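> If you scroll down you'll find the structure; I have some questions about it.
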Amino acid sequence: MAGRRVFVSGVGGELGTLVANLLEDEPWVGSLSGIDADPPRRRLQRTTFHRISPDDHDTIVDTVTKFNPHVLVHVGVWEPDARAAPRVAAALTDQAAVSVLGAAAECRALDSIIVRSGIEIYGRGPGSLTRPDEDAPLRPTSEWGRTVADIERTAANVAERVGVTVGAVRLASVLGPHVPSPLGRLLRQPVVPFHATSDPPFAVIEHRDAARAIVAAARNQLSSPVNVVAPGAITCLHAIRRGQRIPLPLFGPQWWFARQLSHITGAPIPDHVSEALTRGRLADNGRMQALLGMTPDTSTTEVIDHLYRWPRVIRKQARVHAAEQITPDEVSA
């Protein structure tokens with residue numbers, strides 16, 4: 001296993017940067033390379049970073065094939081209303097998946113593909129399981145759920161064509177201090193809506209646990225899907241009370257108006273978040289230990305508590321306005 005080449009897509013995002021940081025400490029990893037449209041969130045010691053736009057197909061293919069990885073870790077996905085509006089996020093995710101996974105098919109050294117997915121892939125339609133395991137039928141009922149289903153399908157097709165293993169890490173909603181999350185952004189608002197008649201439970205995953213799971217999947221050459229969900233569950237009203245926010249009970253069609261208003265106030269509610277708050281979002285994580293050799297360190301309730309402890313953004317006035325003239329004496333000082 002020593003000296004293996006690992007390529008990480010989406011290394012500029014918080015989760016991708018964490019994954020690269022952890023991979024740098026893995027003894028089996030030789031050289032590391034990664035791409036993203038944005039630079040990494042923190043310093044990487046031995047990862048070669050390539051800043052490439054997702055729509056630059058030829059450059060992505062050339063970069064991946066020249067590196068010729070043994071392991072491809074595809075984290076380059078855009079959750080709707082996290083860093084981009086839903087349509088843009090879907091387009092960027094599709095472009096990245098087609099380019100990166102397509103390039104992987106041309107790499108002779110490749111023997112393992114790991115992709116980031118989500119428990120939204122199971123859907124929350126009529127008759128769906130409340131807590132699905134990895135054998136549950138895939139019936140996504142949200143844009144994000146359909147997006148991760150497409151990623152898994154593309155990766156499986158590539159893996160079958162070239163004869164390598166493929167593993168899908170199906171994450172619950174990832175929350176962390178620097179992770180762009182529409183769910184986290186909504187829960188930190190002063191007034192938070194909740195479903196007045198049912199208030200179903202949902203689960204999340206802390207960003208460091210999510211990164212640990214992806215690295216474990218790469219280390220173990222995961223060859224199946226695995227649900228990565230923090231233990232326990234919480235309801236929206238319970239979360240609101242723990243965060244000392246003002247609860248706003250909603251009924252049926254009032255959710256449509258709440259989504260429009262929330263978008264205006266800077267915390268858009270995409271359909272997969274609305275679905276989680278009105279129908280619940282859980283998954284069985286019973287196979288994590290066997291498949292990954294790890295379990296989350298942080299429970300769902302603890303993740304929510306951490307969410308409310310993050311410092312607020314404080315805006316300070318500049319001491320010197322840009323338009324002001326600075327004298328030579330001030331420059332030399």
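Each chain in the structure tokens gets a letter, A, B and so on, in the order shown; residues start at 1 in every chain, and ligands are counted from 1 in the order they appear.
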Excluding range 203-210 of chain A and residues on its chain fewer than 4 positions from it, collect all residues at most 7 Å away from it, counting only C-alpha atoms, and give them as an MDAnalysis selection string.
chainID A and resid 15 171:176 214 229:230 232:234 281:282 296:298 300 303
> So that I can check the surroundings of Arg170 in chain A, please list as a PDB file with C-alpha atoms, in the first residue's frame every protein, DNA and RNA residue that reaches within 7 Å of it, counting only C-alpha atoms and ignoring chain neighbours fewer than 6 positions away.

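File written: out.pdb
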ATOM      1  CA  ARG A 116     -18.937  11.826  -1.817  1.00  0.00           C
ATOM      2  CA  SER A 117     -22.670  11.141  -1.782  1.00  0.00           C
ATOM      3  CA  GLY A 118     -25.530  11.889   0.616  1.00  0.00           C
ATOM      4  CA  ILE A 119     -28.347  10.158   2.480  1.00  0.00           C
ATOM      5  CA  PRO A 225     -21.975   2.461  -0.268  1.00  0.00           C
ATOM      6  CA  VAL A 226     -21.856   3.373   3.418  1.00  0.00           C
ATOM      7  CA  ASN A 227     -24.061   5.716   5.433  1.00  0.00           C
ATOM      8  CA  VAL A 228     -22.055   8.217   7.491  1.00  0.00           C
TER       9      VAL A 228
END
> May I have the residues within 8 Å of range 26-39 of chain A as a ChimeraX atom specification, using only C-alpha atoms and disregarding those fewer than 6 positions away in the same chain?
/A:1-13,20,46-54,67,76,219
> Keeping only N, CA, C and O atoms, write the selected residues as a compact mmCIF listing (two decimals), in the first residue's frame.

# COMPACT_ATOMS: atom_id res chain seq x y z
N MET A 1 0.81 -1.21 0.00
CA MET A 1 0.00 0.00 0.00
C MET A 1 0.85 1.27 0.00
O MET A 1 0.41 2.32 -0.41
N ALA A 2 2.09 1.21 0.48
CA ALA A 2 2.89 2.42 0.61
C ALA A 2 3.17 3.05 -0.74
O ALA A 2 3.31 2.36 -1.75
N GLY A 3 3.26 4.39 -0.73
CA GLY A 3 3.65 5.11 -1.94
C GLY A 3 2.56 5.25 -2.98
O GLY A 3 2.86 5.51 -4.16
N ARG A 4 1.31 5.16 -2.59
CA ARG A 4 0.22 5.23 -3.56
C ARG A 4 -0.10 6.69 -3.89
O ARG A 4 -0.09 7.56 -3.03
N ARG A 5 -0.41 6.93 -5.15
CA ARG A 5 -0.78 8.27 -5.62
C ARG A 5 -2.28 8.47 -5.43
O ARG A 5 -3.08 7.63 -5.85
N VAL A 6 -2.64 9.59 -4.79
CA VAL A 6 -4.05 9.88 -4.49
C VAL A 6 -4.40 11.24 -5.09
O VAL A 6 -3.68 12.23 -4.86
N PHE A 7 -5.51 11.28 -5.81
CA PHE A 7 -5.98 12.52 -6.42
C PHE A 7 -7.31 12.90 -5.76
O PHE A 7 -8.21 12.06 -5.64
N VAL A 8 -7.43 14.17 -5.34
CA VAL A 8 -8.63 14.65 -4.64
C VAL A 8 -9.25 15.78 -5.46
O VAL A 8 -8.60 16.81 -5.68
N SER A 9 -10.48 15.62 -5.88
CA SER A 9 -11.21 16.72 -6.51
C SER A 9 -11.98 17.47 -5.44
O SER A 9 -12.40 16.90 -4.44
N GLY A 10 -12.15 18.79 -5.65
CA GLY A 10 -12.85 19.59 -4.64
C GLY A 10 -12.00 19.90 -3.45
O GLY A 10 -12.50 20.15 -2.34
N VAL A 11 -10.65 19.95 -3.64
CA VAL A 11 -9.74 20.13 -2.52
C VAL A 11 -9.76 21.57 -1.98
O VAL A 11 -9.23 21.84 -0.91
N GLY A 12 -10.41 22.49 -2.69
CA GLY A 12 -10.46 23.87 -2.22
C GLY A 12 -11.53 24.14 -1.19
O GLY A 12 -11.44 25.10 -0.43
N GLY A 13 -12.56 23.30 -1.13
CA GLY A 13 -13.62 23.47 -0.13
C GLY A 13 -13.16 23.03 1.24
O GLY A 13 -12.12 22.37 1.40
N ALA A 20 -7.68 16.31 2.38
CA ALA A 20 -6.28 16.37 1.95
C ALA A 20 -5.34 16.44 3.14
O ALA A 20 -4.29 15.78 3.17
N ARG A 46 2.03 18.86 1.45
CA ARG A 46 2.61 18.11 0.34
C ARG A 46 1.59 17.75 -0.74
O ARG A 46 1.80 16.81 -1.50
N THR A 47 0.52 18.50 -0.80
CA THR A 47 -0.47 18.31 -1.85
C THR A 47 -0.24 19.32 -2.95
O THR A 47 -0.20 20.53 -2.69
N THR A 48 -0.09 18.85 -4.17
CA THR A 48 0.05 19.74 -5.31
C THR A 48 -1.33 20.19 -5.75
O THR A 48 -2.18 19.36 -6.11
N PHE A 49 -1.56 21.51 -5.69
CA PHE A 49 -2.89 22.05 -5.99
C PHE A 49 -2.93 22.65 -7.40
O PHE A 49 -2.02 23.36 -7.80
N HIS A 50 -4.01 22.35 -8.13
CA HIS A 50 -4.24 22.90 -9.45
C HIS A 50 -5.58 23.65 -9.42
O HIS A 50 -6.62 23.05 -9.13
N ARG A 51 -5.52 24.94 -9.69
CA ARG A 51 -6.75 25.73 -9.72
C ARG A 51 -7.35 25.66 -11.12
O ARG A 51 -6.83 26.26 -12.07
N ILE A 52 -8.45 24.93 -11.26
CA ILE A 52 -9.07 24.70 -12.56
C ILE A 52 -10.58 24.83 -12.42
O ILE A 52 -11.19 24.27 -11.50
N SER A 53 -11.21 25.56 -13.33
CA SER A 53 -12.67 25.71 -13.32
C SER A 53 -13.33 24.40 -13.73
O SER A 53 -12.80 23.68 -14.59
N PRO A 54 -14.48 24.05 -13.15
CA PRO A 54 -15.16 22.80 -13.51
C PRO A 54 -15.52 22.68 -14.99
O PRO A 54 -15.66 21.57 -15.50
N PHE A 67 -1.20 12.74 -13.76
CA PHE A 67 -0.88 12.29 -12.40
C PHE A 67 -1.04 10.78 -12.28
O PHE A 67 -0.34 10.13 -11.51
N GLY A 76 -15.59 16.89 -5.15
CA GLY A 76 -15.96 18.11 -5.85
C GLY A 76 -17.43 18.18 -6.22
O GLY A 76 -17.80 18.02 -7.39
N ARG A 219 -8.57 4.56 2.40
CA ARG A 219 -7.59 3.65 2.99
C ARG A 219 -8.02 2.19 2.82
O ARG A 219 -7.21 1.31 2.50
> As a list in words, list the residues of range 174-249 of chain A assigned to strand (DSSP E) by DSSP on the backbone atoms of this structure.
Val174, Leu175, Val191, Val192, Pro193, Phe194, His195, Pro201, Phe202, Val204, Ile205, Glu206, Pro225, Val226, Asn227, Val228, Ile234, Thr235, Ile246, Pro247, Leu248 and Pro249 of chain A
> With N, CA and C atoms retained, export the selected residues as an mmCIF file, in the first residue's frame.

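out.cif written:
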data_model
loop_
_atom_site.group_PDB
_atom_site.id
_atom_site.type_symbol
_atom_site.label_atom_id
_atom_site.label_comp_id
_atom_site.auth_asym_id
_atom_site.auth_seq_id
_atom_site.Cartn_x
_atom_site.Cartn_y
_atom_site.Cartn_z
ATOM 1 N N VAL A 174 -23.605 17.971 6.333
ATOM 2 C CA VAL A 174 -22.320 18.239 6.959
ATOM 3 C C VAL A 174 -22.336 19.647 7.551
ATOM 4 N N LEU A 175 -22.028 19.741 8.841
ATOM 5 C CA LEU A 175 -21.978 21.029 9.526
ATOM 6 C C LEU A 175 -20.595 21.252 10.124
ATOM 7 N N VAL A 191 -34.834 33.913 13.807
ATOM 8 C CA VAL A 191 -36.150 33.269 13.801
ATOM 9 C C VAL A 191 -36.075 32.068 12.868
ATOM 10 N N VAL A 192 -36.447 30.886 13.365
ATOM 11 C CA VAL A 192 -36.297 29.659 12.586
ATOM 12 C C VAL A 192 -37.654 28.960 12.454
ATOM 13 N N PRO A 193 -38.093 28.647 11.232
ATOM 14 C CA PRO A 193 -39.367 27.952 11.055
ATOM 15 C C PRO A 193 -39.252 26.465 11.392
ATOM 16 N N PHE A 194 -40.361 25.876 11.834
ATOM 17 C CA PHE A 194 -40.410 24.430 12.059
ATOM 18 C C PHE A 194 -41.813 23.942 11.746
ATOM 19 N N HIS A 195 -41.929 22.644 11.495
ATOM 20 C CA HIS A 195 -43.216 22.042 11.143
ATOM 21 C C HIS A 195 -44.057 21.892 12.409
ATOM 22 N N PRO A 201 -37.643 14.096 13.251
ATOM 23 C CA PRO A 201 -36.214 14.133 13.588
ATOM 24 C C PRO A 201 -35.327 14.063 12.346
ATOM 25 N N PHE A 202 -34.127 14.603 12.474
ATOM 26 C CA PHE A 202 -33.119 14.482 11.426
ATOM 27 C C PHE A 202 -31.764 14.302 12.099
ATOM 28 N N VAL A 204 -27.289 14.724 11.460
ATOM 29 C CA VAL A 204 -26.257 15.456 10.722
ATOM 30 C C VAL A 204 -24.922 14.737 10.923
ATOM 31 N N ILE A 205 -23.850 15.317 10.403
ATOM 32 C CA ILE A 205 -22.509 14.803 10.642
ATOM 33 C C ILE A 205 -21.555 15.987 10.768
ATOM 34 N N GLU A 206 -20.655 15.915 11.715
ATOM 35 C CA GLU A 206 -19.670 16.982 11.922
ATOM 36 C C GLU A 206 -18.605 16.900 10.832
ATOM 37 N N PRO A 225 -21.552 1.231 -0.952
ATOM 38 C CA PRO A 225 -21.975 2.461 -0.268
ATOM 39 C C PRO A 225 -21.964 2.282 1.238
ATOM 40 N N VAL A 226 -21.790 3.407 1.962
ATOM 41 C CA VAL A 226 -21.856 3.373 3.418
ATOM 42 C C VAL A 226 -22.490 4.670 3.901
ATOM 43 N N ASN A 227 -23.423 4.545 4.823
ATOM 44 C CA ASN A 227 -24.061 5.716 5.433
ATOM 45 C C ASN A 227 -23.162 6.268 6.532
ATOM 46 N N VAL A 228 -22.888 7.562 6.477
ATOM 47 C CA VAL A 228 -22.055 8.217 7.491
ATOM 48 C C VAL A 228 -22.918 9.267 8.181
ATOM 49 N N ILE A 234 -32.241 14.777 16.217
ATOM 50 C CA ILE A 234 -32.785 15.976 16.840
ATOM 51 C C ILE A 234 -33.916 16.495 15.968
ATOM 52 N N THR A 235 -34.873 17.171 16.565
ATOM 53 C CA THR A 235 -35.924 17.816 15.786
ATOM 54 C C THR A 235 -35.591 19.292 15.633
ATOM 55 N N ILE A 246 -35.833 32.051 18.058
ATOM 56 C CA ILE A 246 -37.280 32.224 18.143
ATOM 57 C C ILE A 246 -37.944 31.236 17.192
ATOM 58 N N PRO A 247 -38.761 30.304 17.684
ATOM 59 C CA PRO A 247 -39.416 29.327 16.807
ATOM 60 C C PRO A 247 -40.597 29.944 16.064
ATOM 61 N N LEU A 248 -40.737 29.569 14.795
ATOM 62 C CA LEU A 248 -41.845 30.038 13.975
ATOM 63 C C LEU A 248 -42.612 28.825 13.469
ATOM 64 N N PRO A 249 -43.739 28.471 14.122
ATOM 65 C CA PRO A 249 -44.501 27.287 13.695
ATOM 66 C C PRO A 249 -45.190 27.538 12.351
#
> Give the answer as one residue: which of A:Ala84, A:Thr278, A:Ser99, A:Gly184 has the shortest atom-to-atom distance to Asp55 in chain A, using only C-alpha atoms?
A:Ser99
> Got a sec: who's within 7 Å of Pro182 in chain A, counting only C-alpha atoms, leaving out chain neighbours fewer than 2 positions off, as a PyMOL selection string?
chain A and resi 81-82+180+184-186+267-269
